[in-house]
>>> print(open('my_file-v1.txt').read())   # compact mmCIF, C-alpha atoms and all ligand atoms
# COMPACT_ATOMS: atom_id res chain seq x y z
CA MET A 20 -1.50 -5.69 -3.15
CA ALA A 21 -4.41 -7.90 -2.14
CA PRO A 22 -4.21 -9.25 1.40
CA ILE A 23 -3.41 -12.95 1.75
CA ILE A 24 -5.97 -13.22 4.55
CA SER A 25 -9.07 -11.10 4.82
CA VAL A 26 -11.42 -11.32 7.80
CA ASN A 27 -14.68 -9.42 7.45
CA ASN A 28 -17.19 -8.64 10.21
CA LEU A 29 -16.47 -11.91 11.93
CA ASP A 30 -18.60 -12.93 14.90
CA LYS A 31 -18.32 -16.12 16.89
CA VAL A 32 -20.82 -17.11 19.53
CA TYR A 33 -20.13 -20.53 21.06
CA GLY A 34 -22.97 -22.92 21.91
CA THR A 35 -22.62 -21.85 25.52
CA GLY A 36 -23.72 -18.35 24.48
CA ARG A 37 -20.22 -17.02 24.98
CA LYS A 38 -19.42 -14.33 22.40
CA ALA A 39 -15.78 -15.03 21.65
CA LEU A 40 -15.39 -12.74 18.61
CA ASN A 41 -17.18 -9.49 18.02
CA SER A 42 -17.15 -7.86 14.55
CA VAL A 43 -13.52 -8.61 13.80
CA ASN A 44 -12.06 -7.05 10.65
CA LEU A 45 -8.48 -7.80 9.77
CA ASP A 46 -6.31 -7.97 6.65
CA ILE A 47 -2.99 -9.79 6.72
CA MET A 48 -0.49 -8.92 4.00
CA ALA A 49 1.71 -11.52 2.34
CA GLY A 50 5.15 -11.75 3.89
CA GLU A 51 4.47 -10.02 7.17
CA ILE A 52 4.83 -11.25 10.73
CA PHE A 53 1.66 -10.32 12.56
CA ALA A 54 1.47 -10.71 16.33
CA LEU A 55 -1.90 -11.09 17.99
CA LEU A 56 -1.61 -10.00 21.56
CA GLY A 57 -4.22 -10.39 24.27
CA PRO A 58 -4.95 -11.73 27.75
CA ASN A 59 -6.33 -15.22 28.50
CA GLY A 60 -9.73 -15.79 26.96
CA ALA A 61 -9.48 -12.75 24.65
CA GLY A 62 -10.35 -14.80 21.56
CA LYS A 63 -6.93 -15.39 19.96
CA THR A 64 -7.29 -19.16 19.51
CA THR A 65 -10.88 -18.74 18.36
CA LEU A 66 -9.82 -16.26 15.68
CA ILE A 67 -7.08 -18.57 14.44
CA GLY A 68 -9.45 -21.54 14.58
CA THR A 69 -12.04 -19.80 12.41
CA ILE A 70 -9.44 -18.75 9.82
CA CYS A 71 -8.16 -22.34 9.71
CA GLY A 72 -11.68 -23.70 9.35
CA LEU A 73 -11.69 -25.53 12.70
CA VAL A 74 -14.30 -23.28 14.28
CA ASN A 75 -17.47 -22.31 12.40
CA PRO A 76 -18.05 -18.58 12.14
CA THR A 77 -21.42 -17.39 13.46
CA SER A 78 -21.45 -14.60 10.87
CA GLY A 79 -19.02 -12.76 8.66
CA SER A 80 -16.59 -14.10 6.07
CA ILE A 81 -12.94 -15.02 5.67
CA THR A 82 -10.79 -15.53 2.59
CA VAL A 83 -7.32 -17.06 2.42
CA GLY A 84 -5.45 -16.51 -0.83
CA GLY A 85 -8.78 -15.36 -2.28
CA HIS A 86 -10.55 -18.61 -1.34
CA ASP A 87 -13.58 -18.44 0.92
CA ILE A 88 -12.82 -20.65 3.92
CA VAL A 89 -16.34 -22.11 3.97
CA ARG A 90 -17.14 -22.52 0.25
CA ASP A 91 -13.56 -23.34 -0.83
CA TYR A 92 -12.42 -25.01 2.33
CA ARG A 93 -9.82 -27.35 0.83
CA ALA A 94 -8.17 -24.72 -1.34
CA ALA A 95 -8.02 -22.28 1.57
CA ARG A 96 -6.79 -24.85 4.07
CA SER A 97 -4.04 -26.13 1.77
CA LEU A 98 -2.36 -22.71 1.99
CA ILE A 99 -2.28 -22.83 5.78
CA GLY A 100 0.04 -24.44 8.29
CA LEU A 101 -1.11 -24.45 11.90
CA VAL A 102 0.87 -25.06 15.06
CA PRO A 103 -1.85 -25.40 17.68
CA GLN A 104 -1.65 -24.13 21.24
CA GLU A 105 -2.18 -27.58 22.70
CA LEU A 106 0.61 -29.93 21.71
CA HIS A 107 -0.51 -33.38 20.79
CA THR A 108 2.17 -35.59 19.39
CA ASP A 109 2.27 -39.17 18.32
CA ALA A 110 4.61 -40.36 21.05
CA PHE A 111 5.70 -43.61 19.41
CA GLU A 112 6.27 -42.33 15.88
CA SER A 113 9.63 -41.15 14.61
CA VAL A 114 10.13 -37.51 13.74
CA TRP A 115 10.55 -38.39 10.07
CA ASP A 116 7.39 -40.50 9.87
CA THR A 117 5.14 -38.06 11.68
CA VAL A 118 6.21 -35.12 9.51
CA THR A 119 5.94 -37.16 6.32
CA PHE A 120 2.47 -38.35 7.36
CA SER A 121 1.29 -34.77 7.93
CA ARG A 122 2.18 -33.90 4.36
CA GLY A 123 0.19 -36.88 3.14
CA LEU A 124 -2.89 -35.61 4.98
CA PHE A 125 -2.99 -32.69 2.59
CA GLY A 126 -2.96 -35.01 -0.40
CA LYS A 127 0.46 -33.76 -1.48
CA PRO A 128 2.80 -36.16 -3.30
CA LYS A 129 5.78 -37.43 -1.31
CA ASN A 130 8.73 -35.06 -1.27
CA PRO A 131 11.56 -36.33 0.94
CA ALA A 132 13.81 -33.45 -0.13
CA HIS A 133 11.32 -30.94 1.24
CA ILE A 134 10.93 -32.84 4.51
CA GLU A 135 14.71 -32.96 4.86
CA LYS A 136 14.96 -29.21 4.26
CA VAL A 137 12.31 -28.50 6.90
CA LEU A 138 13.94 -30.80 9.48
CA ARG A 139 17.36 -29.31 8.85
CA SER A 140 16.07 -25.73 9.16
CA LEU A 141 14.54 -26.61 12.53
CA SER A 142 17.71 -28.39 13.73
CA LEU A 143 15.83 -31.67 13.90
CA TRP A 144 17.74 -33.55 11.21
CA GLU A 145 19.98 -35.34 13.69
CA ARG A 146 16.88 -36.58 15.51
CA LYS A 147 14.87 -37.63 12.47
CA ASP A 148 14.78 -41.29 13.54
CA SER A 149 14.06 -40.59 17.22
CA LYS A 150 10.68 -41.41 18.67
CA ILE A 151 8.86 -38.20 19.57
CA MET A 152 8.50 -39.26 23.22
CA THR A 153 12.29 -39.17 23.61
CA LEU A 154 12.54 -35.49 22.63
CA SER A 155 12.66 -32.49 24.92
CA GLY A 156 9.69 -30.12 25.10
CA GLY A 157 11.40 -27.55 22.90
CA MET A 158 12.17 -30.18 20.27
CA LYS A 159 8.58 -31.42 20.35
CA ARG A 160 7.44 -27.90 19.65
CA ARG A 161 9.79 -27.75 16.68
CA VAL A 162 8.37 -31.05 15.44
CA MET A 163 4.94 -29.40 15.52
CA ILE A 164 6.31 -26.60 13.38
CA ALA A 165 7.86 -29.14 11.00
CA LYS A 166 4.48 -30.87 10.68
CA ALA A 167 2.79 -27.56 9.95
CA LEU A 168 5.39 -26.81 7.25
CA SER A 169 5.31 -30.28 5.71
CA HIS A 170 2.85 -29.37 2.96
CA GLU A 171 4.59 -26.11 1.98
CA PRO A 172 1.98 -23.65 3.28
CA GLN A 173 2.11 -19.95 2.42
CA VAL A 174 0.74 -18.91 5.78
CA LEU A 175 1.84 -20.25 9.13
CA PHE A 176 -0.16 -19.80 12.33
CA LEU A 177 1.71 -20.22 15.58
CA ASP A 178 -0.61 -20.24 18.58
CA GLU A 179 1.61 -19.32 21.52
CA PRO A 180 4.72 -20.93 20.08
CA THR A 181 6.89 -20.17 23.07
CA ALA A 182 4.53 -20.66 26.00
CA GLY A 183 6.49 -22.49 28.68
CA VAL A 184 9.68 -22.39 26.63
CA ASP A 185 12.82 -21.11 28.33
CA VAL A 186 14.51 -17.87 27.30
CA GLU A 187 17.29 -19.54 25.34
CA LEU A 188 14.93 -21.71 23.31
CA ARG A 189 12.54 -18.83 22.80
CA LYS A 190 15.31 -16.91 21.07
CA GLY A 191 15.98 -19.95 18.91
CA MET A 192 12.31 -20.04 17.92
CA TRP A 193 12.41 -16.37 16.99
CA GLU A 194 15.33 -17.13 14.71
CA VAL A 195 13.37 -19.94 13.05
CA VAL A 196 10.36 -17.69 12.54
CA ARG A 197 12.51 -14.98 10.98
CA GLU A 198 14.08 -17.47 8.59
CA LEU A 199 10.63 -18.66 7.60
CA GLN A 200 9.60 -15.10 6.86
CA GLN A 201 12.70 -14.69 4.69
CA SER A 202 11.71 -17.80 2.78
CA GLY A 203 8.42 -16.09 1.92
CA VAL A 204 6.03 -17.49 4.52
CA THR A 205 3.48 -15.14 6.10
CA ILE A 206 3.36 -15.61 9.86
CA ILE A 207 0.64 -14.95 12.38
CA LEU A 208 1.54 -15.67 15.96
CA THR A 209 -0.33 -15.24 19.20
CA THR A 210 1.45 -14.49 22.38
CA HIS A 211 1.11 -13.32 25.95
CA TYR A 212 4.69 -12.17 25.92
CA ILE A 213 4.80 -8.57 24.91
CA GLU A 214 8.54 -8.79 24.41
CA GLU A 215 7.85 -11.44 21.80
CA ALA A 216 5.60 -9.13 19.80
CA GLU A 217 8.08 -6.34 20.29
CA GLU A 218 10.94 -8.49 19.06
CA MET A 219 9.25 -10.25 16.17
CA ALA A 220 6.30 -8.49 14.68
CA ASP A 221 5.95 -6.11 11.76
CA ARG A 222 2.43 -5.35 12.94
CA VAL A 223 0.66 -5.92 16.21
CA GLY A 224 -3.03 -6.51 16.83
CA VAL A 225 -4.43 -6.28 20.33
CA ILE A 226 -7.53 -8.32 21.09
CA ASN A 227 -9.55 -8.04 24.26
CA ASN A 228 -12.95 -9.55 25.02
CA GLY A 229 -13.37 -10.70 21.42
CA GLU A 230 -12.77 -7.25 20.00
CA LEU A 231 -9.76 -6.28 17.97
CA VAL A 232 -9.10 -3.03 19.79
CA LEU A 233 -6.08 -1.99 17.79
CA VAL A 234 -3.99 -2.93 14.76
CA GLU A 235 -0.81 -0.97 14.13
CA GLU A 236 2.64 -1.08 12.67
CA LYS A 237 4.74 -1.97 15.65
CA ALA A 238 7.07 0.99 15.29
CA ALA A 239 4.21 3.44 14.88
CA LEU A 240 2.43 1.96 17.87
CA MET A 241 5.45 2.41 20.08
CA ARG A 242 5.91 5.97 18.84
CA LYS A 243 2.30 6.95 19.12
CA LEU A 244 1.52 5.58 22.51
CA GLY A 245 4.95 5.49 24.00
CA LYS A 246 6.25 7.50 26.83
CA LYS A 247 9.87 8.30 27.10
CA GLN A 248 12.11 8.73 30.04
CA LEU A 249 15.02 11.09 30.35
CA LYS A 250 17.60 10.15 32.93
CA LEU A 251 20.03 12.65 34.37
CA HIS A 252 23.14 11.15 35.94
CA LEU A 253 23.98 13.56 38.74
CA ALA A 254 27.46 14.66 39.76
CA GLU A 255 26.49 14.54 43.46
CA PRO A 256 23.66 12.66 45.18
CA LEU A 257 20.51 14.53 46.14
CA PRO A 258 18.55 13.79 49.34
CA ALA A 259 15.20 14.48 47.64
CA VAL A 260 13.67 16.00 44.53
CA PRO A 261 14.31 19.74 45.05
CA PRO A 262 11.16 21.83 45.61
CA GLU A 263 12.13 24.08 42.66
CA LEU A 264 11.46 21.09 40.39
CA ALA A 265 8.19 19.99 42.00
CA ASN A 266 6.22 20.84 38.86
CA TYR A 267 7.91 18.12 36.82
CA ASP A 268 7.13 14.40 36.82
CA LEU A 269 10.43 13.46 38.41
CA ALA A 270 11.64 10.47 40.35
CA LEU A 271 14.89 10.24 42.26
CA SER A 272 16.73 6.92 42.29
CA ALA A 273 17.32 5.20 45.64
CA ASP A 274 21.00 6.17 45.64
CA GLY A 275 20.07 9.77 44.88
CA LEU A 276 22.36 9.78 41.88
CA SER A 277 19.88 9.93 39.06
CA LEU A 278 16.78 11.93 38.31
CA VAL A 279 14.28 10.33 35.95
CA TYR A 280 11.86 12.52 34.03
CA THR A 281 8.89 10.83 32.31
CA TYR A 282 7.26 12.64 29.40
CA ASP A 283 4.68 11.96 26.79
CA THR A 284 6.01 11.79 23.24
CA ARG A 285 2.55 12.77 21.97
CA ALA A 286 2.60 16.06 23.86
CA GLU A 287 3.32 19.20 21.89
CA HIS A 288 6.08 20.17 24.28
CA THR A 289 8.12 17.57 26.06
CA GLY A 290 9.18 20.04 28.72
CA ILE A 291 12.78 18.94 28.45
CA THR A 292 14.21 22.34 27.57
CA SER A 293 12.59 24.07 30.51
CA LEU A 294 13.44 21.19 32.83
CA LEU A 295 17.12 21.39 31.94
CA GLY A 296 17.02 25.15 32.44
CA ASP A 297 15.44 24.77 35.88
CA VAL A 298 17.86 22.00 36.86
CA ARG A 299 20.75 24.31 36.06
CA ALA A 300 19.11 27.21 37.89
CA ALA A 301 18.74 25.00 40.98
CA GLY A 302 22.51 24.45 40.91
CA ILE A 303 22.25 20.73 40.17
CA ARG A 304 25.08 19.40 38.03
CA PHE A 305 24.84 16.24 35.95
CA ASN A 306 27.54 14.27 34.14
CA ASP A 307 25.43 12.60 31.54
CA LEU A 308 21.88 12.07 30.32
CA ASP A 309 20.10 9.44 28.29
CA THR A 310 16.60 8.62 27.14
CA SER A 311 14.70 5.36 26.87
CA GLN A 312 11.44 4.44 25.20
CA SER A 313 8.73 2.77 27.23
CA SER A 314 8.12 -0.83 26.28
CA LEU A 315 5.18 -2.30 24.47
CA GLU A 316 4.33 -3.88 27.81
CA GLU A 317 3.53 -0.51 29.36
CA ILE A 318 1.55 0.46 26.27
CA PHE A 319 -0.42 -2.77 26.41
CA VAL A 320 -1.27 -2.46 30.07
CA SER A 321 -2.40 1.13 29.64
CA LEU A 322 -4.55 0.13 26.63
CA LEU A 323 -6.36 -2.61 28.48
CA ARG A 324 -6.92 -0.31 31.42
CA ALA A 325 -8.51 2.35 29.22
N1 LIG A 401 -15.22 -24.66 22.48
C1 LIG A 401 -15.63 -23.64 23.23
N2 LIG A 401 -16.88 -23.61 23.76
C2 LIG A 401 -17.30 -22.58 24.51
N3 LIG A 401 -16.55 -21.50 24.81
C3 LIG A 401 -15.30 -21.46 24.32
C4 LIG A 401 -14.77 -22.53 23.52
N4 LIG A 401 -13.51 -22.23 23.17
C5 LIG A 401 -13.26 -21.02 23.73
N5 LIG A 401 -14.33 -20.58 24.43
C6 LIG A 401 -14.44 -19.29 25.15
O1 LIG A 401 -14.24 -18.24 24.21
C7 LIG A 401 -13.44 -17.21 24.76
C8 LIG A 401 -12.18 -17.04 23.92
O2 LIG A 401 -11.35 -18.19 24.07
P1 LIG A 401 -10.00 -18.38 23.28
O3 LIG A 401 -9.51 -19.74 23.54
O4 LIG A 401 -10.21 -17.98 21.87
O5 LIG A 401 -9.07 -17.30 23.99
P2 LIG A 401 -7.49 -17.07 23.88
O6 LIG A 401 -7.30 -15.62 23.62
O7 LIG A 401 -6.89 -18.02 22.92
O8 LIG A 401 -7.01 -17.39 25.35
P3 LIG A 401 -5.61 -18.03 25.88
O9 LIG A 401 -4.65 -16.90 25.91
O10 LIG A 401 -5.95 -18.50 27.25
O11 LIG A 401 -5.22 -19.13 24.96
C9 LIG A 401 -13.16 -17.62 26.20
O12 LIG A 401 -14.13 -17.00 27.01
C10 LIG A 401 -13.37 -19.11 26.18
O13 LIG A 401 -13.78 -19.57 27.43
MG MG A 402 -5.47 -19.48 23.09
>>> encode(input="my_file-v1.txt", output="C-alpha cells")
Amino acid sequence: MAPIISVNNLDKVYGTGRKALNSVNLDIMAGEIFALLGPNGAGKTTLIGTICGLVNPTSGSITVGGHDIVRDYRAARSLIGLVPQELHTDAFESVWDTVTFSRGLFGKPKNPAHIEKVLRSLSLWERKDSKIMTLSGGMKRRVMIAKALSHEPQVLFLDEPTAGVDVELRKGMWEVVRELQQSGVTIILTTHYIEEAEEMADRVGVINNGELVLVEEKAALMRKLGKKQLKLHLAEPLPAVPPELANYDLALSADGLSLVYTYDTRAEHTGITSLLGDVRAAGIRFNDLDTSQSSLEEIFVSLLRA
C-alpha cells in the first residue's frame, strides 16, 4: 500500500540560520495513529508545518495522497486537517458559525449534516450556538478539532492536542481521536507526554534536534528497548540485600518486603533462573512474584541521553 504521506530528505533552515529539520524521511500509512515525540524545539511543529504547506521546505519533497505539497498545493492541502499548537479562536463567533466558515475556506459546498455530525462526535452539539469566548479551554480545543474536520480531511494533524489539558479531559480527547481513526482518518499527533504516545499510537517517531532518530511500531519499540522488572514479595522483611546476591541488580524496598530485580529483555539470558536459585539457597522465602515492563518514558529518556 502506498503511504498517504511521504516525506523525503526534508531539510528546513529558518532565515535565522537555525536548522530545524535535518534529512527527515518518513512515510505515514493510511489509517494509522502516528505519534511524534520530542523535547521542546526538536522540530515537531516545523515538520507538521512543512507537510501542511505553512513552512517552505529548504530542500527535499513531500507528497500527501500522491500530490506534491508545493506543485499541487491545493489538492494536497484539501486532504489535511490541522489543529495548531497555538489556539486562536474567533471569540465572538458561535461554534456553529466558526466551524461552518472553516469548511467554506476550503471551497467545499455547505453541508450542515456533516457539521452536525462533527459537533455531536465532539460533544459540542449542545453548545453549537454559544460564543466561543464562553467555552472552557477543553471545549475550545474541541472546537479547533471540529474546525479541522469541517472539510472532511483524510489526514488530521494534532499539534500537542492535550497540552495544558487536565487528566480527565485528556482521556476524553484520546477517545475522540480513537473514534476518528475508526472512521478512517489518519492521525499524526505531537506530544511531550510519553504516556500519550504509549496510550494512543500505532507507531512512534522520536525527533531530536531536527533529526528523526527513530521510527518504530510502538509495541516493538517497547519490546526492543524495554527493561523489565521482577518483583519478589518476601515472606519476611530483610534488613539489606544479602551479600550472596550482590552480583545481581537488586533493590530492596524501604519496608524490606520486596526485592526488585531489573533485567534487560534484549540480553540473551535474563538471569532470572539463577537468581531464583540463589534466592532459595540464601534461605529467603517469597510469597509471590510479578514482572512489569518499563515505560516508554524510560526508553525515551535513555534514547535522548545516548
Ligand atoms: N519561524 C521561525 N524562525 C526561526 N526559527 C524557528 C521558527 N520556528 C521555529 N524555529 C526554531 O526551530 C526549531 C524547531 O522548532 P519547532 O517549533 O519546530 O519545535 P517543536 O518540536 O515544535 O517544539 P515545542 O515542543 O516547543 O513545540 C527551534 O529551535 C525553534 O526555535
Ligand atoms: Mg511545537
>>> closest_atom_pairs(input="my_file-v1.txt", of="chain A", to="ligand MG 402 (chain A)", cutoff="7 Å", atoms="only C-alpha atoms and all ligand atoms", output="JSON lines")
{"residue": "A:Asn59", "atom": "CA", "partner": "A:MG402", "partner_atom": "MG", "distance": 6.9}
{"residue": "A:Gly60", "atom": "CA", "partner": "A:MG402", "partner_atom": "MG", "distance": 6.8}
{"residue": "A:Gly62", "atom": "CA", "partner": "A:MG402", "partner_atom": "MG", "distance": 6.9}
{"residue": "A:Lys63", "atom": "CA", "partner": "A:MG402", "partner_atom": "MG", "distance": 5.4}
{"residue": "A:Thr64", "atom": "CA", "partner": "A:MG402", "partner_atom": "MG", "distance": 4.0}
{"residue": "A:Gln104", "atom": "CA", "partner": "A:MG402", "partner_atom": "MG", "distance": 6.3}
{"residue": "A:Asp178", "atom": "CA", "partner": "A:MG402", "partner_atom": "MG", "distance": 6.7}
>>> residues_near_ligand(input="my_file-v1.txt", ligand="ligand LIG 401 (chain A)", cutoff="7 Å", atoms="all atoms listed in the file", output="list of chain:residue names")
A:Tyr33, A:Gly34, A:Thr35, A:Arg37, A:Lys38, A:Ala39, A:Gly57, A:Pro58, A:Asn59, A:Gly60, A:Ala61, A:Gly62, A:Lys63, A:Thr64, A:Thr65, A:Leu66, A:His211, A:Gly229
>>> closest_residue(input="my_file-v1.txt", among="A:Thr117, A:Asn306, A:Ser142, A:Thr153", to="A:Ser277", atoms="all atoms listed in the file")
A:Asn306
>>> closest_residue(input="my_file-v1.txt", among="A:Ser42, A:Thr77, A:Thr281, A:Thr205", to="A:Gln248", atoms="only C-alpha atoms")
A:Thr281
>>> atom_distance(input="my_file-v1.txt", atom1="atom CA of A:Lys31", atom2="atom CA of A:Gly79")
8.9 Å
>>> residues_around(input="my_file-v1.txt", residues="A:Val279", least_positions_apart="6", cutoff="6 Å", atoms="only C-alpha atoms", output="PyMOL selection string")
chain A and resi 249-250+269-270
>>> closest_residue(input="my_file-v1.txt", among="A:Ser140, A:Thr209, A:Asn228, A:Ser121", to="A:Leu40", atoms="only C-alpha atoms")
A:Asn228
>>> closest_residue(input="my_file-v1.txt", among="A:Leu308, A:Val74, A:Val186, A:Ala49", to="A:Glu215", atoms="only C-alpha atoms")
A:Val186
>>> decode(input="my_file-v1.txt", residues="stretch 27-66 of chain A", atoms="C-alpha atoms", output="JSON list (two decimals), in the first residue's frame")
[["chain", "number", "residue", "atom", "x", "y", "z"],
["A", 27, "ASN", "CA", 11.76, 12.63, 1.51],
["A", 28, "ASN", "CA", 15.12, 14.08, 2.56],
["A", 29, "LEU", "CA", 13.47, 17.09, 4.09],
["A", 30, "ASP", "CA", 15.64, 19.94, 5.35],
["A", 31, "LYS", "CA", 14.47, 23.17, 6.88],
["A", 32, "VAL", "CA", 16.79, 26.03, 7.67],
["A", 33, "TYR", "CA", 15.00, 29.11, 9.01],
["A", 34, "GLY", "CA", 16.07, 32.62, 7.99],
["A", 35, "THR", "CA", 17.86, 32.90, 11.31],
["A", 36, "GLY", "CA", 20.19, 30.11, 10.16],
["A", 37, "ARG", "CA", 18.59, 27.68, 12.58],
["A", 38, "LYS", "CA", 18.47, 24.18, 11.08],
["A", 39, "ALA", "CA", 15.13, 22.91, 12.34],
["A", 40, "LEU", "CA", 14.91, 19.75, 10.20],
["A", 41, "ASN", "CA", 17.79, 17.62, 9.04],
["A", 42, "SER", "CA", 17.27, 15.00, 6.29],
["A", 43, "VAL", "CA", 13.93, 13.78, 7.54],
["A", 44, "ASN", "CA", 12.47, 10.71, 5.81],
["A", 45, "LEU", "CA", 9.08, 9.46, 6.92],
["A", 46, "ASP", "CA", 6.16, 7.53, 5.44],
["A", 47, "ILE", "CA", 2.76, 7.63, 7.11],
["A", 48, "MET", "CA", 0.35, 4.84, 6.25],
["A", 49, "ALA", "CA", -3.37, 5.43, 5.79],
["A", 50, "GLY", "CA", -5.38, 4.70, 8.91],
["A", 51, "GLU", "CA", -2.60, 4.76, 11.47],
["A", 52, "ILE", "CA", -2.11, 6.92, 14.53],
["A", 53, "PHE", "CA", 1.44, 8.19, 14.47],
["A", 54, "ALA", "CA", 2.88, 9.97, 17.49],
["A", 55, "LEU", "CA", 5.78, 12.34, 17.04],
["A", 56, "LEU", "CA", 7.61, 12.62, 20.30],
["A", 57, "GLY", "CA", 10.38, 15.05, 21.15],
["A", 58, "PRO", "CA", 11.56, 17.74, 23.55],
["A", 59, "ASN", "CA", 10.92, 21.49, 23.13],
["A", 60, "GLY", "CA", 12.45, 22.86, 19.96],
["A", 61, "ALA", "CA", 13.04, 19.41, 18.43],
["A", 62, "GLY", "CA", 11.28, 20.34, 15.19],
["A", 63, "LYS", "CA", 7.83, 18.78, 15.62],
["A", 64, "THR", "CA", 5.81, 21.87, 14.71],
["A", 65, "THR", "CA", 8.19, 22.66, 11.86],
["A", 66, "LEU", "CA", 7.73, 19.18, 10.40]]
